>>> print(open('entry_18.pdb').read())   # PDB, N, CA and C atoms
ATOM      1  N   MET A  16     110.650 125.090  92.085
ATOM      2  CA  MET A  16     111.257 125.081  93.399
ATOM      3  C   MET A  16     112.779 125.100  93.221
ATOM      4  N   GLN A  17     113.440 125.946  93.966
ATOM      5  CA  GLN A  17     114.890 126.031  93.885
ATOM      6  C   GLN A  17     115.536 125.198  94.981
ATOM      7  N   ALA A  18     116.734 124.742  94.693
ATOM      8  CA  ALA A  18     117.500 124.007  95.699
ATOM      9  C   ALA A  18     117.985 124.997  96.762
ATOM     10  N   PRO A  19     118.001 124.575  98.011
ATOM     11  CA  PRO A  19     118.497 125.453  99.062
ATOM     12  C   PRO A  19     120.007 125.655  98.945
ATOM     13  N   ASP A  20     120.484 126.727  99.525
ATOM     14  CA  ASP A  20     121.925 126.986  99.585
ATOM     15  C   ASP A  20     122.471 126.186 100.767
ATOM     16  N   PHE A  21     122.949 124.979 100.478
ATOM     17  CA  PHE A  21     123.394 124.072 101.540
ATOM     18  C   PHE A  21     124.584 124.618 102.321
ATOM     19  N   SER A  22     125.323 125.569 101.764
ATOM     20  CA  SER A  22     126.456 126.146 102.493
ATOM     21  C   SER A  22     125.995 126.971 103.689
ATOM     22  N   LYS A  23     124.725 127.353 103.709
ATOM     23  CA  LYS A  23     124.189 128.168 104.811
ATOM     24  C   LYS A  23     123.404 127.341 105.825
ATOM     25  N   ILE A  24     123.299 126.042 105.593
ATOM     26  CA  ILE A  24     122.524 125.175 106.482
ATOM     27  C   ILE A  24     123.467 124.342 107.337
ATOM     28  N   LYS A  25     123.268 124.428 108.656
ATOM     29  CA  LYS A  25     124.041 123.610 109.589
ATOM     30  C   LYS A  25     123.243 122.332 109.892
ATOM     31  N   ASP A  26     123.940 121.297 110.304
ATOM     32  CA  ASP A  26     123.260 120.048 110.659
ATOM     33  C   ASP A  26     122.195 120.288 111.729
ATOM     34  N   SER A  27     122.455 121.201 112.636
ATOM     35  CA  SER A  27     121.519 121.472 113.730
ATOM     36  C   SER A  27     120.271 122.221 113.264
ATOM     37  N   ASP A  28     120.223 122.657 112.017
ATOM     38  CA  ASP A  28     119.060 123.383 111.500
ATOM     39  C   ASP A  28     117.935 122.449 111.052
ATOM     40  N   TYR A  29     118.252 121.210 110.738
ATOM     41  CA  TYR A  29     117.254 120.318 110.148
ATOM     42  C   TYR A  29     116.126 119.960 111.104
ATOM     43  N   LEU A  30     116.456 119.537 112.316
ATOM     44  CA  LEU A  30     115.416 119.110 113.252
ATOM     45  C   LEU A  30     114.427 120.235 113.552
ATOM     46  N   PRO A  31     114.878 121.448 113.882
ATOM     47  CA  PRO A  31     113.895 122.514 114.129
ATOM     48  C   PRO A  31     113.029 122.815 112.897
ATOM     49  N   ALA A  32     113.612 122.738 111.715
ATOM     50  CA  ALA A  32     112.840 122.997 110.499
ATOM     51  C   ALA A  32     111.789 121.912 110.276
ATOM     52  N   ILE A  33     112.165 120.669 110.507
ATOM     53  CA  ILE A  33     111.226 119.558 110.332
ATOM     54  C   ILE A  33     110.115 119.638 111.387
ATOM     55  N   MET A  34     110.476 119.937 112.618
ATOM     56  CA  MET A  34     109.472 120.065 113.683
ATOM     57  C   MET A  34     108.515 121.218 113.383
ATOM     58  N   ALA A  35     109.040 122.343 112.919
ATOM     59  CA  ALA A  35     108.192 123.484 112.573
ATOM     60  C   ALA A  35     107.275 123.116 111.410
ATOM     61  N   GLY A  36     107.794 122.377 110.451
ATOM     62  CA  GLY A  36     106.984 121.943 109.324
ATOM     63  C   GLY A  36     105.852 121.021 109.749
ATOM     64  N   MET A  37     106.146 120.109 110.679
ATOM     65  CA  MET A  37     105.099 119.212 111.173
ATOM     66  C   MET A  37     104.023 119.997 111.920
ATOM     67  N   ALA A  38     104.438 120.954 112.734
ATOM     68  CA  ALA A  38     103.471 121.774 113.475
ATOM     69  C   ALA A  38     102.619 122.601 112.516
ATOM     70  N   GLN A  39     103.255 123.148 111.500
ATOM     71  CA  GLN A  39     102.526 123.959 110.528
ATOM     72  C   GLN A  39     101.512 123.103 109.772
ATOM     73  N   GLN A  40     101.925 121.913 109.330
ATOM     74  CA  GLN A  40     100.994 121.060 108.598
ATOM     75  C   GLN A  40      99.850 120.604 109.499
ATOM     76  N   LYS A  41     100.147 120.298 110.740
ATOM     77  CA  LYS A  41      99.087 119.901 111.677
ATOM     78  C   LYS A  41      98.075 121.026 111.818
ATOM     79  N   SER A  42      98.549 122.244 111.936
ATOM     80  CA  SER A  42      97.665 123.404 112.040
ATOM     81  C   SER A  42      96.818 123.557 110.776
ATOM     82  N   GLU A  43      97.449 123.370 109.624
ATOM     83  CA  GLU A  43      96.718 123.485 108.359
ATOM     84  C   GLU A  43      95.631 122.411 108.246
ATOM     85  N   VAL A  44      95.955 121.183 108.638
ATOM     86  CA  VAL A  44      94.985 120.094 108.572
ATOM     87  C   VAL A  44      93.860 120.315 109.581
ATOM     88  N   MET A  45      94.181 120.803 110.755
ATOM     89  CA  MET A  45      93.148 121.084 111.761
ATOM     90  C   MET A  45      92.204 122.180 111.276
ATOM     91  N   ARG A  46      92.751 123.173 110.596
ATOM     92  CA  ARG A  46      91.915 124.244 110.041
ATOM     93  C   ARG A  46      90.935 123.660 109.008
ATOM     94  N   ILE A  47      91.399 122.725 108.196
ATOM     95  CA  ILE A  47      90.533 122.064 107.210
ATOM     96  C   ILE A  47      89.467 121.234 107.931
ATOM     97  N   ALA A  48      89.890 120.453 108.914
ATOM     98  CA  ALA A  48      88.972 119.569 109.634
ATOM     99  C   ALA A  48      87.918 120.343 110.420
ATOM    100  N   ASN A  49      88.280 121.513 110.916
ATOM    101  CA  ASN A  49      87.364 122.297 111.739
ATOM    102  C   ASN A  49      86.552 123.309 110.941
ATOM    103  N   ASN A  50      86.672 123.278 109.631
ATOM    104  CA  ASN A  50      85.901 124.185 108.791
ATOM    105  C   ASN A  50      84.418 123.811 108.920
ATOM    106  N   PRO A  51      83.576 124.743 109.361
ATOM    107  CA  PRO A  51      82.164 124.409 109.559
ATOM    108  C   PRO A  51      81.372 124.252 108.254
ATOM    109  N   ALA A  52      81.925 124.702 107.158
ATOM    110  CA  ALA A  52      81.231 124.587 105.870
ATOM    111  C   ALA A  52      81.186 123.123 105.437
ATOM    112  N   PRO A  53      80.167 122.750 104.680
ATOM    113  CA  PRO A  53      80.129 121.377 104.151
ATOM    114  C   PRO A  53      81.382 121.091 103.326
ATOM    115  N   ALA A  54      81.902 119.887 103.463
ATOM    116  CA  ALA A  54      83.131 119.515 102.759
ATOM    117  C   ALA A  54      82.900 119.484 101.257
ATOM    118  N   THR A  55      83.820 120.112 100.541
ATOM    119  CA  THR A  55      83.803 120.079  99.079
ATOM    120  C   THR A  55      85.221 119.788  98.619
ATOM    121  N   PHE A  56      85.361 119.535  97.348
ATOM    122  CA  PHE A  56      86.690 119.324  96.779
ATOM    123  C   PHE A  56      87.562 120.544  97.032
ATOM    124  N   ASN A  57      87.002 121.747  96.798
ATOM    125  CA  ASN A  57      87.778 122.984  96.894
ATOM    126  C   ASN A  57      88.105 123.408  98.321
ATOM    127  N   ASN A  58      87.314 123.016  99.294
ATOM    128  CA  ASN A  58      87.634 123.445 100.665
ATOM    129  C   ASN A  58      88.221 122.322 101.511
ATOM    130  N   THR A  59      88.385 121.137 100.906
ATOM    131  CA  THR A  59      88.964 120.013 101.652
ATOM    132  C   THR A  59      90.197 119.448 100.950
ATOM    133  N   LEU A  60      90.003 118.908  99.779
ATOM    134  CA  LEU A  60      91.115 118.234  99.105
ATOM    135  C   LEU A  60      92.166 119.199  98.568
ATOM    136  N   VAL A  61      91.738 120.322  98.018
ATOM    137  CA  VAL A  61      92.714 121.282  97.497
ATOM    138  C   VAL A  61      93.603 121.824  98.624
ATOM    139  N   PRO A  62      93.036 122.307  99.732
ATOM    140  CA  PRO A  62      93.914 122.776 100.814
ATOM    141  C   PRO A  62      94.758 121.670 101.436
ATOM    142  N   LEU A  63      94.209 120.459 101.492
ATOM    143  CA  LEU A  63      94.986 119.338 102.040
ATOM    144  C   LEU A  63      96.190 119.052 101.158
ATOM    145  N   GLU A  64      95.997 119.080  99.850
ATOM    146  CA  GLU A  64      97.093 118.850  98.910
ATOM    147  C   GLU A  64      98.163 119.944  99.025
ATOM    148  N   ARG A  65      97.749 121.151  99.326
ATOM    149  CA  ARG A  65      98.687 122.278  99.432
ATOM    150  C   ARG A  65      99.333 122.386 100.811
ATOM    151  N   SER A  66      98.855 121.633 101.772
ATOM    152  CA  SER A  66      99.406 121.725 103.127
ATOM    153  C   SER A  66     100.783 121.066 103.196
ATOM    154  N   GLY A  67     101.552 121.457 104.182
ATOM    155  CA  GLY A  67     102.824 120.793 104.454
ATOM    156  C   GLY A  67     103.996 121.206 103.588
ATOM    157  N   GLN A  68     103.950 122.382 102.995
ATOM    158  CA  GLN A  68     105.047 122.802 102.118
ATOM    159  C   GLN A  68     106.367 122.968 102.873
ATOM    160  N   LEU A  69     106.322 123.560 104.062
ATOM    161  CA  LEU A  69     107.549 123.719 104.850
ATOM    162  C   LEU A  69     108.122 122.346 105.226
ATOM    163  N   LEU A  70     107.258 121.442 105.624
ATOM    164  CA  LEU A  70     107.715 120.095 105.985
ATOM    165  C   LEU A  70     108.332 119.399 104.777
ATOM    166  N   GLU A  71     107.683 119.500 103.642
ATOM    167  CA  GLU A  71     108.211 118.853 102.437
ATOM    168  C   GLU A  71     109.575 119.419 102.061
ATOM    169  N   ARG A  72     109.717 120.736 102.083
ATOM    170  CA  ARG A  72     111.002 121.353 101.727
ATOM    171  C   ARG A  72     112.091 120.957 102.719
ATOM    172  N   SER A  73     111.747 120.930 104.002
ATOM    173  CA  SER A  73     112.722 120.551 105.033
ATOM    174  C   SER A  73     113.182 119.110 104.860
ATOM    175  N   LEU A  74     112.234 118.228 104.601
ATOM    176  CA  LEU A  74     112.578 116.816 104.428
ATOM    177  C   LEU A  74     113.364 116.573 103.144
ATOM    178  N   LEU A  75     113.041 117.289 102.085
ATOM    179  CA  LEU A  75     113.789 117.149 100.842
ATOM    180  C   LEU A  75     115.238 117.588 101.019
ATOM    181  N   ALA A  76     115.436 118.703 101.718
ATOM    182  CA  ALA A  76     116.801 119.182 101.976
ATOM    183  C   ALA A  76     117.573 118.188 102.826
ATOM    184  N   PHE A  77     116.917 117.691 103.904
ATOM    185  CA  PHE A  77     117.568 116.725 104.780
ATOM    186  C   PHE A  77     117.908 115.444 104.011
ATOM    187  N   SER A  78     116.963 114.960 103.206
ATOM    188  CA  SER A  78     117.191 113.738 102.445
ATOM    189  C   SER A  78     118.336 113.889 101.452
ATOM    190  N   ALA A  79     118.454 115.059 100.849
ATOM    191  CA  ALA A  79     119.535 115.294  99.902
ATOM    192  C   ALA A  79     120.883 115.182 100.594
ATOM    193  N   VAL A  80     120.998 115.780 101.763
ATOM    194  CA  VAL A  80     122.260 115.739 102.504
ATOM    195  C   VAL A  80     122.500 114.346 103.060
ATOM    196  N   ASN A  81     121.452 113.744 103.583
ATOM    197  CA  ASN A  81     121.577 112.403 104.161
ATOM    198  C   ASN A  81     121.992 111.384 103.107
ATOM    199  N   GLY A  82     121.476 111.522 101.902
ATOM    200  CA  GLY A  82     121.797 110.596 100.843
ATOM    201  C   GLY A  82     123.177 110.804 100.235
ATOM    202  N   ALA A  83     123.719 111.993 100.450
ATOM    203  CA  ALA A  83     125.029 112.301  99.844
ATOM    204  C   ALA A  83     126.085 111.691 100.633
TER     205      ALA A  83
END
>>> encode(input="entry_18.pdb", output="structure tokens")
Amino acid sequence: MQAPDFSKIKDSDYLPAIMAGMAQQKSEVMRIANNPAPATFNNTLVPLERSGQLLERSLLAFSAVNGA
């Protein structure tokens, strides 16, 4: 994973990115929960672990700036 180019990110960009990430992860989790197939490791835990990438990246960027 590469660090974002912070020179191109405005303070006002963080909230929309975090909100979009939360919506995306919610959609991903709902897709897992509504899967009619019997739950297995590969169709439940693996996709759950991979969900929320946009949210994670947004929060990591925000935390880096907030901590600085």
>>> residues_around(input="entry_18.pdb", residues="Arg65 of chain A", least_positions_apart="3", cutoff="12 Å", atoms="only C-alpha atoms", output="list in words")
Gln39, Gln40, Glu43, Val44, Ile47, Asn57, Asn58, Thr59, Leu60, Val61, Pro62, Gln68, Leu69, Leu70 and Glu71 of chain A
>>> write_last_selection(input="entry_18.pdb", atoms="N, CA and C atoms", output="mmCIF file, in the coordinates of the input")
data_model
loop_
_atom_site.group_PDB
_atom_site.id
_atom_site.type_symbol
_atom_site.label_atom_id
_atom_site.label_comp_id
_atom_site.auth_asym_id
_atom_site.auth_seq_id
_atom_site.Cartn_x
_atom_site.Cartn_y
_atom_site.Cartn_z
ATOM 1 N N GLN A 39 103.255 123.148 111.500
ATOM 2 C CA GLN A 39 102.526 123.959 110.528
ATOM 3 C C GLN A 39 101.512 123.103 109.772
ATOM 4 N N GLN A 40 101.925 121.913 109.330
ATOM 5 C CA GLN A 40 100.994 121.060 108.598
ATOM 6 C C GLN A 40 99.850 120.604 109.499
ATOM 7 N N GLU A 43 97.449 123.370 109.624
ATOM 8 C CA GLU A 43 96.718 123.485 108.359
ATOM 9 C C GLU A 43 95.631 122.411 108.246
ATOM 10 N N VAL A 44 95.955 121.183 108.638
ATOM 11 C CA VAL A 44 94.985 120.094 108.572
ATOM 12 C C VAL A 44 93.860 120.315 109.581
ATOM 13 N N ILE A 47 91.399 122.725 108.196
ATOM 14 C CA ILE A 47 90.533 122.064 107.210
ATOM 15 C C ILE A 47 89.467 121.234 107.931
ATOM 16 N N ASN A 57 87.002 121.747 96.798
ATOM 17 C CA ASN A 57 87.778 122.984 96.894
ATOM 18 C C ASN A 57 88.105 123.408 98.321
ATOM 19 N N ASN A 58 87.314 123.016 99.294
ATOM 20 C CA ASN A 58 87.634 123.445 100.665
ATOM 21 C C ASN A 58 88.221 122.322 101.511
ATOM 22 N N THR A 59 88.385 121.137 100.906
ATOM 23 C CA THR A 59 88.964 120.013 101.652
ATOM 24 C C THR A 59 90.197 119.448 100.950
ATOM 25 N N LEU A 60 90.003 118.908 99.779
ATOM 26 C CA LEU A 60 91.115 118.234 99.105
ATOM 27 C C LEU A 60 92.166 119.199 98.568
ATOM 28 N N VAL A 61 91.738 120.322 98.018
ATOM 29 C CA VAL A 61 92.714 121.282 97.497
ATOM 30 C C VAL A 61 93.603 121.824 98.624
ATOM 31 N N PRO A 62 93.036 122.307 99.732
ATOM 32 C CA PRO A 62 93.914 122.776 100.814
ATOM 33 C C PRO A 62 94.758 121.670 101.436
ATOM 34 N N GLN A 68 103.950 122.382 102.995
ATOM 35 C CA GLN A 68 105.047 122.802 102.118
ATOM 36 C C GLN A 68 106.367 122.968 102.873
ATOM 37 N N LEU A 69 106.322 123.560 104.062
ATOM 38 C CA LEU A 69 107.549 123.719 104.850
ATOM 39 C C LEU A 69 108.122 122.346 105.226
ATOM 40 N N LEU A 70 107.258 121.442 105.624
ATOM 41 C CA LEU A 70 107.715 120.095 105.985
ATOM 42 C C LEU A 70 108.332 119.399 104.777
ATOM 43 N N GLU A 71 107.683 119.500 103.642
ATOM 44 C CA GLU A 71 108.211 118.853 102.437
ATOM 45 C C GLU A 71 109.575 119.419 102.061
#
>>> atom_distance(input="entry_18.pdb", atom1="atom CA of Asp20 of chain A", atom2="atom CA of Ser42 of chain A")
27.5 Å
>>> atom_distance(input="entry_18.pdb", atom1="atom N of Lys41 of chain A", atom2="atom N of Tyr29 of chain A")
18.1 Å
>>> closest_atom_pairs(input="entry_18.pdb", of="segment 16-58 of chain A", to="segment 72-76 of chain A", cutoff="7 Å", atoms="only N, CA and C atoms", output="CSV")
residue,atom,partner,partner_atom,distance
A:Pro19,N,A:Ala76,CA,6.8
A:Tyr29,CA,A:Ser73,C,6.8
A:Ala32,C,A:Ser73,CA,5.5
A:Ile33,N,A:Ser73,CA,5.5
>>> write_last_selection(input="entry_18.pdb", atoms="N, CA and C atoms", output="PDB file, in the frame of the given file")
ATOM      1  N   PRO A  19     118.001 124.575  98.011  1.00  0.00           N
ATOM      2  CA  PRO A  19     118.497 125.453  99.062  1.00  0.00           C
ATOM      3  C   PRO A  19     120.007 125.655  98.945  1.00  0.00           C
ATOM      4  N   TYR A  29     118.252 121.210 110.738  1.00  0.00           N
ATOM      5  CA  TYR A  29     117.254 120.318 110.148  1.00  0.00           C
ATOM      6  C   TYR A  29     116.126 119.960 111.104  1.00  0.00           C
ATOM      7  N   ALA A  32     113.612 122.738 111.715  1.00  0.00           N
ATOM      8  CA  ALA A  32     112.840 122.997 110.499  1.00  0.00           C
ATOM      9  C   ALA A  32     111.789 121.912 110.276  1.00  0.00           C
ATOM     10  N   ILE A  33     112.165 120.669 110.507  1.00  0.00           N
ATOM     11  CA  ILE A  33     111.226 119.558 110.332  1.00  0.00           C
ATOM     12  C   ILE A  33     110.115 119.638 111.387  1.00  0.00           C
TER      13      ILE A  33
END
>>> select_by_dssp(input="entry_18.pdb", residues="chain A", states="helix (DSSP H, G or I)", output="PyMOL selection string")
chain A and resi 21-23+26-48+56-65+68-82
>>> residues_around(input="entry_18.pdb", residues="Leu30 of chain A", least_positions_apart="4", cutoff="10 Å", atoms="only C-alpha atoms", output="CSV table (one decimal) with N, CA and C atoms, in the frame of the given file")
chain,number,residue,atom,x,y,z
A,26,ASP,N,123.9,121.3,110.3
A,26,ASP,CA,123.3,120.0,110.7
A,26,ASP,C,122.2,120.3,111.7
A,34,MET,N,110.5,119.9,112.6
A,34,MET,CA,109.5,120.1,113.7
A,34,MET,C,108.5,121.2,113.4
A,35,ALA,N,109.0,122.3,112.9
A,35,ALA,CA,108.2,123.5,112.6
A,35,ALA,C,107.3,123.1,111.4
A,36,GLY,N,107.8,122.4,110.5
A,36,GLY,CA,107.0,121.9,109.3
A,36,GLY,C,105.9,121.0,109.7
A,73,SER,N,111.7,120.9,104.0
A,73,SER,CA,112.7,120.6,105.0
A,73,SER,C,113.2,119.1,104.9
A,74,LEU,N,112.2,118.2,104.6
A,74,LEU,CA,112.6,116.8,104.4
A,74,LEU,C,113.4,116.6,103.1
A,77,PHE,N,116.9,117.7,103.9
A,77,PHE,CA,117.6,116.7,104.8
A,77,PHE,C,117.9,115.4,104.0
>>> atom_distance(input="entry_18.pdb", atom1="atom CA of Ser66 of chain A", atom2="atom C of Asn50 of chain A")
16.2 Å
